[in-house]
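Trainee: For reference, the structure I am asking about is given below.
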Amino acid sequence: MNKKICITIGDIEGIGLELLIKLYLKNKIKNFIFFTNFKIFNTYLKKNRIKISINLINKNRYNAKKLNIYDFDAKDKINNTVLSIINSYKYCIKNDQKGIITLPVNKKKILKYQKNFTGHTELFEKLSNSRITNMLFIHKNLIISTLTTHVKIKNLIKQIKKKNYIYDKVSVLNKTLKEDFNIKKPKILVSGLNPHAGEDGILGEEEIKYIYPQIIRLKKNNIKVNGPVSGDAILIEKNLKKYNCFLFIFHDQALIPFKYISKFKGINYTSNLKLIRVSPDHGTAYDLVGKNIAKEDSIKNCFSFIERIYKNKKIDKNK
């Protein structure tokens, strides 16, 4: 069997599954394996009056003319969401597949089954036993990353002041840009934490104490990185032409401009795992379900992105 893309079900009540099925029925996506409890998924299909010919790959060989499902036991819809992630990861690693597309989930629901669940990124770090990963957001040629992931604002300073934290994260990001994106000499621009990057200590000293010293250290290791600069000025036209990646300190600082620019066509990529993991950047969007107005671009872009990164990784391994 040729290598496939694995897809998790996400929140079955969210927009992700609806968009995936639309793309499949339009024949715009192919060569993938869908991970879900068959009974739960079949109930969804019947409820929404959707007819799809299904092949269970647990029992049969991959069938290109049908929707190929990896079936497993699940207690209910939420348990199905969690087990879909875990089973897709195990299958992808064991069978050396191209990568995983994770459809959006609702963290609050998952917490009933998975204590301390804060997001896909952190769960895949644990599954992959990866100490350092990067959360990246990609739209066309724009690459944005975050120094921290799903961290409470009150805990940000404690996180970034950890020994080697900034240095290690930027070093891995630089490696990712080289190997996964095939950028020979990446140029990275780092934002500040405080307004106006602290205004030389007037609005905060975190830039002076924790961020700038690590940037100097990274430069001495021949990593092309500059900053910290004010978060509100990092994505100006001059910088967009000069830098390959823009590193923000925390989640919303990066996601607000990214989602405005990408118009929900962007994707989320977790680097430095044992596999390629991407996700559409539109969330569960319950308010759009059934209205036939949500855009399919983000999921489509996930497919093309996995193919791109998979090809680059193969080239890098053969060097």
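As shown in the structure tokens, the chain order sets the letters A, B, ...; within each chain, residues go from 1, and ligands are also counted from 1 in the order they appear.
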Could you name the residues that touch A:Thr8 at 6 Å or less, counting only C-alpha atoms, but leaving out those on the same chain fewer than 5 positions away, as a VMD selection string?

Mentor: chain A and resid 35 84 to 85 102 to 103

Trainee: Can I get the selection written as a short mmCIF file (atom, residue, chain, number, x, y, z; two decimals), in the first residue's frame, with N, CA, C and O atoms?

Mentor:
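Okay, this is what ended up in selection_35.cif:
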data_model
loop_
_atom_site.label_atom_id
_atom_site.label_comp_id
_atom_site.auth_asym_id
_atom_site.auth_seq_id
_atom_site.Cartn_x
_atom_site.Cartn_y
_atom_site.Cartn_z
N PHE A 35 -9.80 8.05 10.88
CA PHE A 35 -9.78 7.32 12.15
C PHE A 35 -10.99 7.67 13.00
O PHE A 35 -11.13 8.79 13.50
N SER A 84 -9.14 8.73 18.51
CA SER A 84 -8.82 8.97 17.11
C SER A 84 -7.40 9.54 16.99
O SER A 84 -6.63 9.14 16.11
N ILE A 85 -7.07 10.47 17.87
CA ILE A 85 -5.72 11.06 17.87
C ILE A 85 -4.67 10.01 18.19
O ILE A 85 -3.66 9.87 17.48
N THR A 102 -5.09 16.68 11.87
CA THR A 102 -6.00 16.61 13.01
C THR A 102 -7.12 17.63 12.82
O THR A 102 -6.86 18.83 12.74
N LEU A 103 -8.35 17.17 12.76
CA LEU A 103 -9.47 18.09 12.68
C LEU A 103 -9.67 18.75 14.04
O LEU A 103 -9.36 18.16 15.08
#

Trainee: When you look at A:Gly198 with a cut-off of 9 Å (counting only C-alpha atoms), what residues show up, excluding the ones that are within fewer than 5 positions of it in the same chain? I need them as a list in words.

Mentor: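 In the requested form, the answer reads Gly192, Leu193, Leu203, Gly204, Glu205, Glu206, Glu207, Ile208 and Ser230 of chain A.
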
Trainee: Hey, what's within 8 Å of A:Asn312 if we count only C-alpha atoms and toss same-chain stuff fewer than 4 positions away? As a list in words, please?

Mentor: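 Close residues of A:Asn312: Glu179, Asp180, Phe181, Asn182, Arg308 and Asp316 of chain A.
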
Trainee: Pick from A:Lys77, A:Lys66, A:Arg61, A:Val170: nearest to A:Lys39, with only C-alpha atoms counted?

Mentor: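 Result for the nearest residue to A:Lys39: A:Lys77.
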
Trainee: Quote the spacing between atom CA of A:Asn221 and atom CA of A:Asn134 in Å to one decimal place.

Mentor: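 Spanning atom CA of A:Asn221 to atom CA of A:Asn134 is a straight-line distance of 19.3 Å.
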
Trainee: Using only C-alpha atoms, can you tell me which of A:Lys158, A:His150, A:Lys107, A:Lys126 comes closest to A:Ala254?

Mentor: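 Using only C-alpha atoms, A:Ala254 sits closest to A:His150.
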
Trainee: Give me, please, the distance in Å between atom CA of A:Lys314 and atom CA of A:Leu136, quoted to one decimal.

Mentor: 20.3 Å

Trainee: I want to know what sits within 8 Å of A:Phe258, based on only C-alpha atoms, with residues of the same chain fewer than 4 positions away left out; could you give that as a PyMOL selection string?

Mentor: chain A and resi 137+144+254+262

Trainee: Mind writing the picked residues with all heavy atoms as a PDB file, in the first residue's frame?

Mentor:
ATOM      1  N   PHE A 137       2.406  28.510  12.113  1.00  0.00           N
ATOM      2  CA  PHE A 137       1.209  28.820  11.348  1.00  0.00           C
ATOM      3  C   PHE A 137       1.655  29.305   9.976  1.00  0.00           C
ATOM      4  O   PHE A 137       2.463  30.224   9.868  1.00  0.00           O
ATOM      5  CB  PHE A 137       0.365  29.866  12.064  1.00  0.00           C
ATOM      6  CG  PHE A 137      -0.092  29.393  13.419  1.00  0.00           C
ATOM      7  CD1 PHE A 137       0.666  29.645  14.556  1.00  0.00           C
ATOM      8  CD2 PHE A 137      -1.258  28.660  13.554  1.00  0.00           C
ATOM      9  CE1 PHE A 137       0.274  29.175  15.798  1.00  0.00           C
ATOM     10  CE2 PHE A 137      -1.658  28.194  14.802  1.00  0.00           C
ATOM     11  CZ  PHE A 137      -0.902  28.450  15.926  1.00  0.00           C
ATOM     12  N   ILE A 144       4.643  31.956  10.705  1.00  0.00           N
ATOM     13  CA  ILE A 144       4.605  32.546  12.043  1.00  0.00           C
ATOM     14  C   ILE A 144       4.752  31.430  13.068  1.00  0.00           C
ATOM     15  O   ILE A 144       4.246  30.328  12.877  1.00  0.00           O
ATOM     16  CB  ILE A 144       3.274  33.308  12.261  1.00  0.00           C
ATOM     17  CG1 ILE A 144       3.296  34.636  11.493  1.00  0.00           C
ATOM     18  CG2 ILE A 144       3.011  33.559  13.746  1.00  0.00           C
ATOM     19  CD1 ILE A 144       2.003  35.410  11.584  1.00  0.00           C
ATOM     20  N   ALA A 254       0.370  36.022  18.272  1.00  0.00           N
ATOM     21  CA  ALA A 254       0.643  35.521  16.919  1.00  0.00           C
ATOM     22  C   ALA A 254      -0.627  35.260  16.131  1.00  0.00           C
ATOM     23  O   ALA A 254      -0.724  35.566  14.940  1.00  0.00           O
ATOM     24  CB  ALA A 254       1.460  34.232  17.005  1.00  0.00           C
ATOM     25  N   SER A 262      -4.744  35.431   7.001  1.00  0.00           N
ATOM     26  CA  SER A 262      -5.006  34.182   6.275  1.00  0.00           C
ATOM     27  C   SER A 262      -6.475  33.952   5.957  1.00  0.00           C
ATOM     28  O   SER A 262      -6.809  33.114   5.111  1.00  0.00           O
ATOM     29  CB  SER A 262      -4.482  32.989   7.075  1.00  0.00           C
ATOM     30  OG  SER A 262      -5.210  32.825   8.277  1.00  0.00           O
TER      31      SER A 262
END

Trainee: Show me, as a PyMOL selection string, the residues that have an atom within 9 Å of stretch 266-271 of chain A when counting only C-alpha atoms, minus same-chain residues fewer than 6 positions from it.

Mentor: chain A and resi 120-121+124-125+132-140+172-173+176+180+258-259+277-282+297-299+301-302+305

Trainee: Tell me, which residues of stretch 121-238 of chain A carry DSSP helix (DSSP H, G or I), written as a PyMOL selection string?

Mentor: chain A and resi 121-128+153-160+165-179+195-198+206-220+237-238

Trainee: Using DSSP on the backbone coordinates, identify the residues of stretch 19-76 of chain A assigned to strand (DSSP E or B); present them as an MDAnalysis selection string.

Mentor: chainID A and resid 32:35 54:56 67:70

Trainee: Find, counting only C-alpha atoms, the residue in A:Phe250, A:Lys184, A:Gly227, A:Asn164 that gets nearest to A:Val151.

Mentor: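 Ranking A:Phe250, A:Lys184, A:Gly227, A:Asn164 by distance to A:Val151, first place goes to A:Phe250.
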
Trainee: From the options A:Lys311, A:Arg217, A:Lys4, A:Lys94, which residue's atoms come nearest to A:Phe34, counting only C-alpha atoms?

Mentor: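 Nearest candidate to A:Phe34 out of A:Lys311, A:Arg217, A:Lys4, A:Lys94: A:Lys4.
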
Trainee: Between A:Asn194, A:Asn95, A:Thr146, A:Asn106, which residue has the minimum interatomic distance to A:Ile15, considering only C-alpha atoms?

Mentor: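 Smallest distance to A:Ile15 is found for A:Asn106.
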
Trainee: Applying 8 Å and only C-alpha atoms, which residues near A:Asn68 remain after dropping the ones on its own chain fewer than 5 positions away? List them as a list in words.

Mentor: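 Contacts, with the query itself left out: Phe32, Ile33, Phe34, Ile54, Asn55, Leu56, Ile57, Tyr62 and Asn63 of chain A.
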
Trainee: Out of A:Ile143, A:Ile202, A:Val82, A:Ile93, which residue has the shortest atom-to-atom distance to A:Gln114 when counting only C-alpha atoms?

Mentor: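 Smallest separation from A:Gln114 among the options: A:Val82.
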